[in-house]
Amino acid sequence: MNYRIAPLGFQLNLGNQRKHHSHSAMAPLKVLMVAEKPSIALSVASVLSHGQMHTRRGSTEVHEFEGMFCGSHAHFKVTSVIGHVFSVDFPAKYQDWTVTDPEDLFQAQVVKSESNPKAHIPRHLSQEARGCGHLVLWLDCDREGENICFEVVQCAGFHVSDGKRKVHRARFSSVTEKDILKAMDNLVEPNKDEALAVDARQEIDLKVGVAFTRFQTSFFQGKYGNLDSRVISYGPCQTPTLGFCVQRYFQINTFKPEKFWTLHPHILVSGYELQLDWERHKLFDLDVAMMFQKLVVQDGILEVSDVSEKQENKVRPSGLNTVNLLKVASSALGFGPQVAMQLAERLYTQGFISYPRTESTAYPSSFDFRGILGALAKNPIWSDYAQNLLSEGYLKPRSGTDVGDHPPITPMRSATEDMLGNDAWRLYHYVCQHFLGTVSLDCKYVRTKVEFSIAGESFHCVGQRVIVKGFTSIMPWLAISEKNIPQFAKGERIEVSKVELFEGETSPPDYLSESELISLMEKNGIGTDASIPVHINNICERNFVQVQAGRKLVPTALGITLIRGYQCIDPDLCLPDIRSFIEHQITLVAKGQADHSHVVQHVLQQFKRKYTYFVKQIDNMDALFEAQFSPLADSGKALSKCGKCLRYMKYISTQPSRLYCGTCEEVYYLPQRGTIKLYKELTCPLDNFELLIFSMAGPEGKSFPLCPYCYNSPPFEGIDTLFGASKTGSTGKLGKGAGMPCFLCLHPTCRHSLIAQGVCACPECSGTLVLDPVSAPKWRLYCNMCNCLVLLPQGAHRIATTRERCPECDSTIIEVDFNKNATPLEDGATLHVGCILCDALLHSLVEVKHGKSFFKRRGMGGRGRGSGRGAHRGRARGLGKTVDPKMSFRDF
DNA sequence: GCAAGGTC
């Protein structure tokens with residue numbers, strides 16, 4: 001159900017509009033406003049309607065109210081999209097990895113499809129725009145927002161240069177009443193160049209990323225058995241991100257520790273024992289260090305050569321933006337960026353903190369500090385501090401930078417740990433501390449440095465005395481450590497009590513911390529506040545790096561080998577400049593200094609050259625892989641026989657699990673995340689491959705047979721729902737791990753097909769209940785479409801389907817062979833044949849249960865939006881009908 | 001099965 005934009009997609013029925021227009025003289029003007037997300041639509045509508053609006057639900061909420069527009073009475077509707085409406089992809093003919101040469105992708109057409117087909121945003125906009133004479137765009141004021149403007153214009157059926165139905169762009173620098181009203185008075189036109197720059201980036205990122213990813217994935221996975229990553233991905237953001245981690249690894253690995261020595265004279269003055277530091281800091285030559293030690297000992301008297309006192313200022317923080325929140329979350333709270341953002345998102349939707357995705361560290365001038373301080377004053381943890389700021393006068397925060405997106409992240413209302421739960425509380429706690437810090441005094445302290453000379457060498461000691469704690473009293477980990485030293489007078493002479501010769505060794509840096517990585521990414525323009533966590537997560541998921549204790553990022557052998565490979569073929573590929581280059585090129589488009597398609601063509605041409613060179617030189621990278629990984633032929637252990645050459649194929653258990661036939665040099669992917677075994681040396685009647693039995697993980701995990709060949713190349717037409725297809729919403733495509741097990745096979749006579757093993761219709765969906773052949777002694781049926789389970793009679797040592805059908809309901813008749821001592825049958829008989837629906841005995845012994853989700857679904861931990869189940873219904877029906885009896889559990 | 005960017 002992917003929505004493809006036709007050239008004239010979403011043009012409204014103009015006839016309809018004209019009709020509305022002809023009435024417009026008397027009917028009120030209708031104005032549609034669209035924001036980037038529901039929260040902004042709400043804010044805009046609240047301000048413009050003075051809180052007097054009517055809200056109704058839809059794909060996204062619509063707020064309606066009456067007001068004035070362009071000097072006339074108008075009916076307003078304010079709604080929103082949910083980020084980008086569309087995203088780019090290749091047309092279907094390029095989707096099959098096996099038939100597309102990645103090099104062709106550089107010239108391929110790209111198509112836009114709905115980013116989130118379930119949300120029906122285009123339909124929503126098109127409906128709401130009906131009859132509206134004006135469209136006001138309240139999208140975020142950045143390039144992406146400008147691009148979404150044009151997506152909205154298109155969906156709404158407007159045209160930017162239309163005399164009749166006008167398009168307006170609201171430019172606002174914050175979502176405050178003042179800015180919203182100001183934007184309304186200064187409506188402009190959306191900026192096409194900025195939008196085109198985003199189109200350019202999308203096309204470049206897609207083509208470059210996908211071409212390299214497909215090539216290197218196919219190349220290396222076709223050769224090595226223990227790569228342990230489903231996809232060996234490449235991307236202009238993720239690869240330089242990996243590069244940073246590996247660079248640090250190299251530093252550590254090539255580090256040569258060196259011994260060094262330093263002198264610390266000690267003195268005893270007015271009851272203090274002080275250790276002085278050497279101006280030379282350290283020496284790497286023991287003889288020389290000992291010589292200095294001797295000189296100092298021989299002299300024995302230090303003269304105070306200078307005493308300086310300076311008042312220092314440690315400045316309070318500026319407003320908290322996303323990147324800084326993520327850094328603190330990782331380094332101080334131990335939350336990874338993704339977790340931190342989830343927590344922040346939840347705090348935001350619950351109204352405890354402000355919008356958590358912002359680059360700005362400057363507060364808008366109208367910011368209500370007093371209101372927030374008042375809220376925090378109600379919280380026992382901060383009440384004294386906040387009260388004090390309110391009565392003594394809080395400071396205006398430092399200026400910071402204003403990117404024009406959202407204000408810094410602040411608390412919005414008071415909360416307790418009980419209300420939030422521990423993790424969210426800790427994040428919230430920090431946001432409060434940071435906010436209070438920004439409106440507190442700077443920390444002031446006096447730093448005293450006393451310098452000494454002896455035997456021509458200089459030593460010193462430093463004392464620190466805090467005068468004003470300021471913000472450090474609410475952010476105590478930033479406090480200045482006090483250090484008292486006695487009074488010294490210039491020219492004073494002091495006896496040395498001892499001279500310590502300290503021996504130390506230089507040590508390598510630690511692995512890159514997540515927080516350092518975020519800083520590096522930000523500094524180098526890799527990713528955005530929202531996408532930085534995604535890139536970090538990507539390189540973890542692809543098994544290029546692992547997060548270890550203290551949130552340090554340790555590259556894996558795969559990650560290291562990849563970067564070393566890029567470095568010997570084309571180092572540009574893993575340097576951050578690759579992103580800056582793209583950004584710089586598309587900025588030319590944004591500024592109107594270069595033509596969109598020229599820039600895209602130019603950049604793609606360069607990347608295509610890099611791609612062909614990379615392919616040509618891949619042997620250099622492969623040499624590194626060869627040294628690190630084992631060839632497919634050496635990997636895995638013999639499992640089952642190939643139907644073509646009749647030799648054993650090897651089972652490679654590392655992800656993606658698969659079979660490899662060394663003689664035919666063929667790879668057969670298997671279902672993922674479960675265990676696989678030979679199935680009684682049975683073979684597939686279609687291709688002679690030995691059958692395997694796959695068991696899904698967990699105690700409720702179902703088991704099913706499959707033929708490795710059929711699984712990868714389904715033999716019958718019309719099987720469009722595959723097991724393990726990753727996108728539950730779209731048609732199941734063959735991919736690694738997705739395929740056709742026997743329970744979907746329509747073979748009319750094979751003992752393992754759906755025809756033979758299917759028993760009756762699923763009571764929960766349109767699927768078929770199939771006998772789990774290895775479920776003894778807890779015999780059961782499972783649905784081949786959903787997660788329904790049916791428990792069969794206990795205490796049977798064999799249960800099998802027969803070729804007979806129930807004359808009543810057309811279910812498959814099953815044969816149950818009960819254990820001698822557990823048989824419910826009279827006279828100790830063990831064999832019973834019947835229909836599980838119509839046979840009184842069998843029916844009394846079966847029980848419907850639900851198991852774990854049957855189809856692979858990612859992100860189960862989420863809020864469970866949009867269960868994938870309904871999506872299978874329509875498609876399944878055709879399949880079910882051919883074998884399903886008319887009656888099922890539903891009818892009982 | 002691929003990118004990066006919005007946002008949920």
# chains A, B, ... in the order shown; residues from 1 in each chain; ligands from 1
>>> interface_residues(of="chain B", to="chain A", cutoff="6 Å", atoms="only C-alpha atoms (C1' of nucleotides)", output="list in words")
DC2, DA3, DG6 and DT7 of chain B
>>> write_last_selection(atoms="C-alpha atoms (C1' of nucleotides)", output="compact mmCIF listing (two decimals), in the first residue's frame")
# COMPACT_ATOMS: atom_id res chain seq x y z
C1' DC B 2 20.53 -0.66 1.94
C1' DA B 3 21.14 6.23 3.65
C1' DG B 6 11.99 14.55 10.03
C1' DT B 7 8.86 12.79 14.32
>>> select_by_dssp(residues="segment 298-372 of chain A", states="strand (DSSP E or B)", output="MDAnalysis selection string")
chainID A and resid 301:314 353
>>> residues_around(residues="segment 308-314 of chain A", least_positions_apart="4", cutoff="7 Å", atoms="only C-alpha atoms (C1' of nucleotides)", output="PyMOL selection string")
chain A and resi 442-450
>>> write_last_selection(atoms="N, CA, C and O atoms", output="PDB file, in the first residue's frame")
ATOM      1  N   ASP A 442      27.442  33.329  38.561  1.00  0.00           N
ATOM      2  CA  ASP A 442      28.669  32.614  38.206  1.00  0.00           C
ATOM      3  C   ASP A 442      29.379  32.224  39.491  1.00  0.00           C
ATOM      4  O   ASP A 442      29.135  32.813  40.549  1.00  0.00           O
ATOM      5  N   CYS A 443      30.248  31.260  39.378  1.00  0.00           N
ATOM      6  CA  CYS A 443      31.059  30.892  40.543  1.00  0.00           C
ATOM      7  C   CYS A 443      32.308  31.775  40.535  1.00  0.00           C
ATOM      8  O   CYS A 443      32.955  31.934  39.500  1.00  0.00           O
ATOM      9  N   LYS A 444      32.602  32.383  41.690  1.00  0.00           N
ATOM     10  CA  LYS A 444      33.788  33.253  41.778  1.00  0.00           C
ATOM     11  C   LYS A 444      34.738  32.686  42.808  1.00  0.00           C
ATOM     12  O   LYS A 444      34.312  32.271  43.888  1.00  0.00           O
ATOM     13  N   TYR A 445      35.996  32.684  42.458  1.00  0.00           N
ATOM     14  CA  TYR A 445      36.988  32.181  43.414  1.00  0.00           C
ATOM     15  C   TYR A 445      38.309  32.890  43.200  1.00  0.00           C
ATOM     16  O   TYR A 445      38.563  33.465  42.130  1.00  0.00           O
ATOM     17  N   VAL A 446      39.116  32.849  44.246  1.00  0.00           N
ATOM     18  CA  VAL A 446      40.425  33.477  44.157  1.00  0.00           C
ATOM     19  C   VAL A 446      41.471  32.387  44.001  1.00  0.00           C
ATOM     20  O   VAL A 446      41.473  31.406  44.729  1.00  0.00           O
ATOM     21  N   ARG A 447      42.321  32.573  43.016  1.00  0.00           N
ATOM     22  CA  ARG A 447      43.367  31.596  42.761  1.00  0.00           C
ATOM     23  C   ARG A 447      44.699  32.247  43.121  1.00  0.00           C
ATOM     24  O   ARG A 447      45.036  33.310  42.594  1.00  0.00           O
ATOM     25  N   THR A 448      45.377  31.610  44.038  1.00  0.00           N
ATOM     26  CA  THR A 448      46.665  32.152  44.474  1.00  0.00           C
ATOM     27  C   THR A 448      47.762  31.247  43.958  1.00  0.00           C
ATOM     28  O   THR A 448      47.714  30.026  44.167  1.00  0.00           O
ATOM     29  N   LYS A 449      48.723  31.840  43.269  1.00  0.00           N
ATOM     30  CA  LYS A 449      49.830  31.023  42.785  1.00  0.00           C
ATOM     31  C   LYS A 449      51.112  31.539  43.446  1.00  0.00           C
ATOM     32  O   LYS A 449      51.424  32.729  43.361  1.00  0.00           O
ATOM     33  N   VAL A 450      51.811  30.642  44.103  1.00  0.00           N
ATOM     34  CA  VAL A 450      53.071  31.024  44.731  1.00  0.00           C
ATOM     35  C   VAL A 450      54.194  30.338  43.966  1.00  0.00           C
ATOM     36  O   VAL A 450      54.160  29.117  43.768  1.00  0.00           O
TER      37      VAL A 450
END
>>> atom_distance(atom1="atom CA of Ala796 of chain A", atom2="atom CA of Leu771 of chain A")
13.9 Å
>>> atom_distance(atom1="atom CA of Pro824 of chain A", atom2="atom CA of Ile755 of chain A")
29.2 Å
>>> select_by_dssp(residues="segment 40-141 of chain A", states="helix (DSSP H, G or I)", output="PyMOL selection string")
chain A and resi 40-49+92-94+102-106+117-119+121-129
>>> closest_residue(among="A:Ala329, A:Ile526, A:Val47, A:Met521", to="DA4 of chain B", atoms="only C-alpha atoms (C1' of nucleotides)")
A:Ile526
>>> residues_around(residues="Gln247 of chain A", least_positions_apart="4", cutoff="9 Å", atoms="only C-alpha atoms (C1' of nucleotides)", output="list in words")
Leu242, Gly243, Gln251, Ile252, Ile560 and Ile563 of chain A
>>> residues_around(residues="Glu666 of chain A", least_positions_apart="3", cutoff="12 Å", atoms="only C-alpha atoms (C1' of nucleotides)", output="PDB file with all heavy atoms, in the first residue's frame")
ATOM      1  N   GLN A 221      29.837 -10.923   2.474  1.00  0.00           N
ATOM      2  CA  GLN A 221      29.023 -12.018   3.007  1.00  0.00           C
ATOM      3  C   GLN A 221      29.034 -13.224   2.099  1.00  0.00           C
ATOM      4  O   GLN A 221      28.797 -14.333   2.552  1.00  0.00           O
ATOM      5  CB  GLN A 221      27.611 -11.540   3.283  1.00  0.00           C
ATOM      6  CG  GLN A 221      27.614 -10.790   4.578  1.00  0.00           C
ATOM      7  CD  GLN A 221      26.269 -10.705   5.193  1.00  0.00           C
ATOM      8  OE1 GLN A 221      25.266 -10.804   4.496  1.00  0.00           O
ATOM      9  NE2 GLN A 221      26.238 -10.515   6.490  1.00  0.00           N
ATOM     10  N   GLY A 222      29.324 -12.992   0.841  1.00  0.00           N
ATOM     11  CA  GLY A 222      29.430 -14.121  -0.076  1.00  0.00           C
ATOM     12  C   GLY A 222      30.737 -14.865   0.114  1.00  0.00           C
ATOM     13  O   GLY A 222      30.964 -15.905  -0.499  1.00  0.00           O
ATOM     14  N   LYS A 223      31.637 -14.294   0.919  1.00  0.00           N
ATOM     15  CA  LYS A 223      32.972 -14.896   1.049  1.00  0.00           C
ATOM     16  C   LYS A 223      33.313 -15.411   2.438  1.00  0.00           C
ATOM     17  O   LYS A 223      34.098 -16.337   2.569  1.00  0.00           O
ATOM     18  CB  LYS A 223      34.037 -13.857   0.664  1.00  0.00           C
ATOM     19  CG  LYS A 223      34.441 -13.911  -0.783  1.00  0.00           C
ATOM     20  CD  LYS A 223      35.682 -13.099  -1.036  1.00  0.00           C
ATOM     21  CE  LYS A 223      36.928 -13.965  -1.045  1.00  0.00           C
ATOM     22  NZ  LYS A 223      38.092 -13.265  -1.631  1.00  0.00           N
ATOM     23  N   LEU A 632      33.791 -18.829   3.848  1.00  0.00           N
ATOM     24  CA  LEU A 632      32.540 -19.585   3.990  1.00  0.00           C
ATOM     25  C   LEU A 632      32.803 -21.078   4.032  1.00  0.00           C
ATOM     26  O   LEU A 632      32.247 -21.784   4.858  1.00  0.00           O
ATOM     27  CB  LEU A 632      31.626 -19.306   2.795  1.00  0.00           C
ATOM     28  CG  LEU A 632      30.631 -18.168   2.916  1.00  0.00           C
ATOM     29  CD1 LEU A 632      29.708 -18.181   1.710  1.00  0.00           C
ATOM     30  CD2 LEU A 632      29.838 -18.271   4.204  1.00  0.00           C
ATOM     31  N   ALA A 633      33.683 -21.551   3.134  1.00  0.00           N
ATOM     32  CA  ALA A 633      33.922 -22.995   3.019  1.00  0.00           C
ATOM     33  C   ALA A 633      34.465 -23.586   4.316  1.00  0.00           C
ATOM     34  O   ALA A 633      34.239 -24.745   4.613  1.00  0.00           O
ATOM     35  CB  ALA A 633      34.891 -23.262   1.870  1.00  0.00           C
ATOM     36  N   CYS A 642      22.561 -31.167  -0.016  1.00  0.00           N
ATOM     37  CA  CYS A 642      22.110 -30.334  -1.115  1.00  0.00           C
ATOM     38  C   CYS A 642      21.363 -31.225  -2.097  1.00  0.00           C
ATOM     39  O   CYS A 642      21.791 -32.366  -2.373  1.00  0.00           O
ATOM     40  CB  CYS A 642      23.333 -29.711  -1.788  1.00  0.00           C
ATOM     41  SG  CYS A 642      22.992 -28.941  -3.368  1.00  0.00           S
ATOM     42  N   GLY A 643      20.256 -30.743  -2.629  1.00  0.00           N
ATOM     43  CA  GLY A 643      19.464 -31.543  -3.556  1.00  0.00           C
ATOM     44  C   GLY A 643      20.072 -31.613  -4.941  1.00  0.00           C
ATOM     45  O   GLY A 643      19.692 -32.460  -5.753  1.00  0.00           O
ATOM     46  N   LYS A 644      21.026 -30.713  -5.232  1.00  0.00           N
ATOM     47  CA  LYS A 644      21.608 -30.696  -6.573  1.00  0.00           C
ATOM     48  C   LYS A 644      22.819 -31.607  -6.647  1.00  0.00           C
ATOM     49  O   LYS A 644      22.937 -32.416  -7.555  1.00  0.00           O
ATOM     50  CB  LYS A 644      22.036 -29.275  -6.944  1.00  0.00           C
ATOM     51  CG  LYS A 644      20.886 -28.292  -7.054  1.00  0.00           C
ATOM     52  CD  LYS A 644      21.411 -26.949  -7.575  1.00  0.00           C
ATOM     53  CE  LYS A 644      20.437 -25.830  -7.276  1.00  0.00           C
ATOM     54  NZ  LYS A 644      21.056 -24.514  -7.458  1.00  0.00           N
ATOM     55  N   CYS A 645      23.745 -31.476  -5.696  1.00  0.00           N
ATOM     56  CA  CYS A 645      24.981 -32.253  -5.783  1.00  0.00           C
ATOM     57  C   CYS A 645      24.995 -33.401  -4.783  1.00  0.00           C
ATOM     58  O   CYS A 645      25.926 -34.203  -4.785  1.00  0.00           O
ATOM     59  CB  CYS A 645      26.189 -31.353  -5.571  1.00  0.00           C
ATOM     60  SG  CYS A 645      26.299 -30.695  -3.898  1.00  0.00           S
ATOM     61  N   MET A 649      25.857 -29.711   3.007  1.00  0.00           N
ATOM     62  CA  MET A 649      26.038 -28.257   3.033  1.00  0.00           C
ATOM     63  C   MET A 649      26.421 -27.877   4.453  1.00  0.00           C
ATOM     64  O   MET A 649      26.115 -28.585   5.406  1.00  0.00           O
ATOM     65  CB  MET A 649      24.728 -27.560   2.660  1.00  0.00           C
ATOM     66  CG  MET A 649      24.248 -27.935   1.265  1.00  0.00           C
ATOM     67  SD  MET A 649      22.828 -26.942   0.775  1.00  0.00           S
ATOM     68  CE  MET A 649      21.557 -27.619   1.815  1.00  0.00           C
ATOM     69  N   LYS A 650      27.090 -26.727   4.564  1.00  0.00           N
ATOM     70  CA  LYS A 650      27.517 -26.284   5.889  1.00  0.00           C
ATOM     71  C   LYS A 650      26.541 -25.275   6.472  1.00  0.00           C
ATOM     72  O   LYS A 650      26.039 -24.392   5.760  1.00  0.00           O
ATOM     73  CB  LYS A 650      28.907 -25.666   5.796  1.00  0.00           C
ATOM     74  CG  LYS A 650      29.943 -26.752   5.654  1.00  0.00           C
ATOM     75  CD  LYS A 650      31.316 -26.207   5.767  1.00  0.00           C
ATOM     76  CE  LYS A 650      32.301 -27.361   5.924  1.00  0.00           C
ATOM     77  NZ  LYS A 650      33.673 -26.909   5.680  1.00  0.00           N
ATOM     78  N   ARG A 658      22.672 -19.279   7.710  1.00  0.00           N
ATOM     79  CA  ARG A 658      22.440 -19.748   6.332  1.00  0.00           C
ATOM     80  C   ARG A 658      23.143 -21.069   6.108  1.00  0.00           C
ATOM     81  O   ARG A 658      23.948 -21.505   6.931  1.00  0.00           O
ATOM     82  CB  ARG A 658      22.956 -18.700   5.328  1.00  0.00           C
ATOM     83  CG  ARG A 658      24.455 -18.476   5.378  1.00  0.00           C
ATOM     84  CD  ARG A 658      24.782 -16.997   5.167  1.00  0.00           C
ATOM     85  NE  ARG A 658      25.521 -16.515   6.321  1.00  0.00           N
ATOM     86  CZ  ARG A 658      26.676 -15.843   6.246  1.00  0.00           C
ATOM     87  NH1 ARG A 658      27.161 -15.477   5.091  1.00  0.00           N
ATOM     88  NH2 ARG A 658      27.321 -15.494   7.331  1.00  0.00           N
ATOM     89  N   LEU A 659      22.843 -21.692   4.987  1.00  0.00           N
ATOM     90  CA  LEU A 659      23.534 -22.903   4.572  1.00  0.00           C
ATOM     91  C   LEU A 659      24.413 -22.549   3.390  1.00  0.00           C
ATOM     92  O   LEU A 659      24.055 -21.710   2.570  1.00  0.00           O
ATOM     93  CB  LEU A 659      22.520 -23.963   4.121  1.00  0.00           C
ATOM     94  CG  LEU A 659      21.720 -24.678   5.203  1.00  0.00           C
ATOM     95  CD1 LEU A 659      20.674 -25.546   4.518  1.00  0.00           C
ATOM     96  CD2 LEU A 659      22.633 -25.514   6.081  1.00  0.00           C
ATOM     97  N   TYR A 660      25.541 -23.195   3.323  1.00  0.00           N
ATOM     98  CA  TYR A 660      26.434 -22.944   2.209  1.00  0.00           C
ATOM     99  C   TYR A 660      26.810 -24.264   1.571  1.00  0.00           C
ATOM    100  O   TYR A 660      27.284 -25.181   2.245  1.00  0.00           O
ATOM    101  CB  TYR A 660      27.687 -22.223   2.707  1.00  0.00           C
ATOM    102  CG  TYR A 660      28.724 -22.009   1.632  1.00  0.00           C
ATOM    103  CD1 TYR A 660      28.468 -21.138   0.569  1.00  0.00           C
ATOM    104  CD2 TYR A 660      29.942 -22.678   1.676  1.00  0.00           C
ATOM    105  CE1 TYR A 660      29.417 -20.942  -0.420  1.00  0.00           C
ATOM    106  CE2 TYR A 660      30.897 -22.487   0.685  1.00  0.00           C
ATOM    107  CZ  TYR A 660      30.622 -21.615  -0.365  1.00  0.00           C
ATOM    108  OH  TYR A 660      31.557 -21.418  -1.346  1.00  0.00           O
ATOM    109  N   CYS A 661      26.555 -24.380   0.286  1.00  0.00           N
ATOM    110  CA  CYS A 661      26.957 -25.582  -0.425  1.00  0.00           C
ATOM    111  C   CYS A 661      28.296 -25.297  -1.102  1.00  0.00           C
ATOM    112  O   CYS A 661      28.359 -24.458  -2.021  1.00  0.00           O
ATOM    113  CB  CYS A 661      25.927 -25.997  -1.481  1.00  0.00           C
ATOM    114  SG  CYS A 661      26.501 -27.447  -2.388  1.00  0.00           S
ATOM    115  N   GLY A 662      29.315 -25.947  -0.641  1.00  0.00           N
ATOM    116  CA  GLY A 662      30.659 -25.690  -1.151  1.00  0.00           C
ATOM    117  C   GLY A 662      30.842 -26.135  -2.589  1.00  0.00           C
ATOM    118  O   GLY A 662      31.566 -25.495  -3.347  1.00  0.00           O
ATOM    119  N   THR A 663      30.162 -27.174  -2.981  1.00  0.00           N
ATOM    120  CA  THR A 663      30.329 -27.655  -4.368  1.00  0.00           C
ATOM    121  C   THR A 663      29.562 -26.767  -5.349  1.00  0.00           C
ATOM    122  O   THR A 663      30.077 -26.381  -6.385  1.00  0.00           O
ATOM    123  CB  THR A 663      29.830 -29.112  -4.529  1.00  0.00           C
ATOM    124  OG1 THR A 663      29.092 -29.461  -3.369  1.00  0.00           O
ATOM    125  CG2 THR A 663      30.987 -30.062  -4.699  1.00  0.00           C
ATOM    126  N   TYR A 669      19.620 -18.897   2.641  1.00  0.00           N
ATOM    127  CA  TYR A 669      19.336 -18.260   3.931  1.00  0.00           C
ATOM    128  C   TYR A 669      18.259 -19.033   4.678  1.00  0.00           C
ATOM    129  O   TYR A 669      17.396 -19.678   4.079  1.00  0.00           O
ATOM    130  CB  TYR A 669      18.944 -16.792   3.744  1.00  0.00           C
ATOM    131  CG  TYR A 669      20.153 -15.995   3.344  1.00  0.00           C
ATOM    132  CD1 TYR A 669      20.437 -15.720   2.019  1.00  0.00           C
ATOM    133  CD2 TYR A 669      21.055 -15.570   4.325  1.00  0.00           C
ATOM    134  CE1 TYR A 669      21.586 -15.044   1.652  1.00  0.00           C
ATOM    135  CE2 TYR A 669      22.194 -14.890   3.974  1.00  0.00           C
ATOM    136  CZ  TYR A 669      22.462 -14.623   2.631  1.00  0.00           C
ATOM    137  OH  TYR A 669      23.593 -13.950   2.299  1.00  0.00           O
ATOM    138  N   PRO A 708      15.378 -25.963   2.429  1.00  0.00           N
ATOM    139  CA  PRO A 708      16.231 -24.785   2.224  1.00  0.00           C
ATOM    140  C   PRO A 708      16.058 -24.163   0.835  1.00  0.00           C
ATOM    141  O   PRO A 708      16.108 -22.954   0.688  1.00  0.00           O
ATOM    142  CB  PRO A 708      17.653 -25.319   2.389  1.00  0.00           C
ATOM    143  CG  PRO A 708      17.518 -26.625   3.082  1.00  0.00           C
ATOM    144  CD  PRO A 708      16.141 -27.155   2.776  1.00  0.00           C
ATOM    145  N   TYR A 709      15.832 -24.999  -0.131  1.00  0.00           N
ATOM    146  CA  TYR A 709      15.702 -24.475  -1.496  1.00  0.00           C
ATOM    147  C   TYR A 709      14.375 -23.730  -1.661  1.00  0.00           C
ATOM    148  O   TYR A 709      14.336 -22.589  -2.089  1.00  0.00           O
ATOM    149  CB  TYR A 709      15.828 -25.601  -2.528  1.00  0.00           C
ATOM    150  CG  TYR A 709      15.921 -25.067  -3.924  1.00  0.00           C
ATOM    151  CD1 TYR A 709      17.146 -24.683  -4.461  1.00  0.00           C
ATOM    152  CD2 TYR A 709      14.767 -24.907  -4.714  1.00  0.00           C
ATOM    153  CE1 TYR A 709      17.237 -24.152  -5.731  1.00  0.00           C
ATOM    154  CE2 TYR A 709      14.842 -24.371  -5.991  1.00  0.00           C
ATOM    155  CZ  TYR A 709      16.093 -23.997  -6.495  1.00  0.00           C
ATOM    156  OH  TYR A 709      16.173 -23.466  -7.756  1.00  0.00           O
ATOM    157  N   ASN A 712      13.984 -20.349   0.029  1.00  0.00           N
ATOM    158  CA  ASN A 712      14.567 -19.203  -0.662  1.00  0.00           C
ATOM    159  C   ASN A 712      13.946 -18.947  -2.031  1.00  0.00           C
ATOM    160  O   ASN A 712      13.991 -17.831  -2.522  1.00  0.00           O
ATOM    161  CB  ASN A 712      16.079 -19.391  -0.794  1.00  0.00           C
ATOM    162  CG  ASN A 712      16.784 -19.223   0.543  1.00  0.00           C
ATOM    163  OD1 ASN A 712      17.126 -18.113   0.923  1.00  0.00           O
ATOM    164  ND2 ASN A 712      16.957 -20.308   1.280  1.00  0.00           N
TER     165      ASN A 712
END
>>> atom_distance(atom1="atom CA of Trp382 of chain A", atom2="atom CA of Thr410 of chain A")
14.3 Å
>>> closest_residue(among="A:Val246, A:Leu436, A:Leu520, A:Val603", to="Val545 of chain A", atoms="only C-alpha atoms")
A:Val246
>>> decode(residues="segment 1-7 of chain B", atoms="N, CA, C and O atoms (P, O5', C5', C4', C3', O3' and C1' of nucleotides)", output="compact mmCIF listing (two decimals), in the first residue's frame")
# COMPACT_ATOMS: atom_id res chain seq x y z
P DG B 1 13.85 -7.42 4.61
O5' DG B 1 15.31 -6.80 4.82
C5' DG B 1 15.97 -7.03 6.07
C4' DG B 1 17.39 -6.56 5.91
C3' DG B 1 17.49 -5.09 5.54
O3' DG B 1 18.59 -4.56 6.26
C1' DG B 1 18.59 -6.35 3.92
P DC B 2 18.49 -3.06 6.89
O5' DC B 2 19.66 -2.39 6.05
C5' DC B 2 19.36 -1.86 4.81
C4' DC B 2 20.59 -1.39 4.16
C3' DC B 2 20.68 0.13 4.23
O3' DC B 2 21.78 0.51 5.01
C1' DC B 2 20.53 -0.66 1.94
P DA B 3 21.61 1.83 5.92
O5' DA B 3 21.67 3.05 4.90
C5' DA B 3 22.86 3.33 4.19
C4' DA B 3 22.99 4.82 4.00
C3' DA B 3 22.74 5.57 5.32
O3' DA B 3 23.72 6.55 5.53
C1' DA B 3 21.14 6.23 3.65
P DA B 4 23.92 7.20 6.92
O5' DA B 4 22.91 8.44 6.85
C5' DA B 4 23.10 9.41 5.83
C4' DA B 4 22.08 10.52 5.96
C3' DA B 4 21.84 10.99 7.41
O3' DA B 4 21.76 12.40 7.41
C1' DA B 4 19.80 10.28 6.44
P DG B 5 21.71 13.28 8.68
O5' DG B 5 20.16 13.68 8.73
C5' DG B 5 19.67 14.62 7.77
C4' DG B 5 18.17 14.65 7.81
C3' DG B 5 17.57 14.75 9.21
O3' DG B 5 17.58 16.12 9.59
C1' DG B 5 16.32 13.28 7.80
P DG B 6 17.03 16.53 11.03
O5' DG B 6 15.49 16.79 10.78
C5' DG B 6 14.58 16.24 11.68
C4' DG B 6 13.22 16.27 11.02
C3' DG B 6 12.15 15.85 12.01
O3' DG B 6 11.65 17.01 12.63
C1' DG B 6 11.99 14.55 10.03
P DT B 7 11.58 17.07 14.19
O5' DT B 7 10.43 16.03 14.51
C5' DT B 7 9.12 16.26 13.97
C4' DT B 7 8.25 15.02 14.12
C3' DT B 7 8.06 14.63 15.59
O3' DT B 7 6.68 14.49 15.87
C1' DT B 7 8.86 12.79 14.32
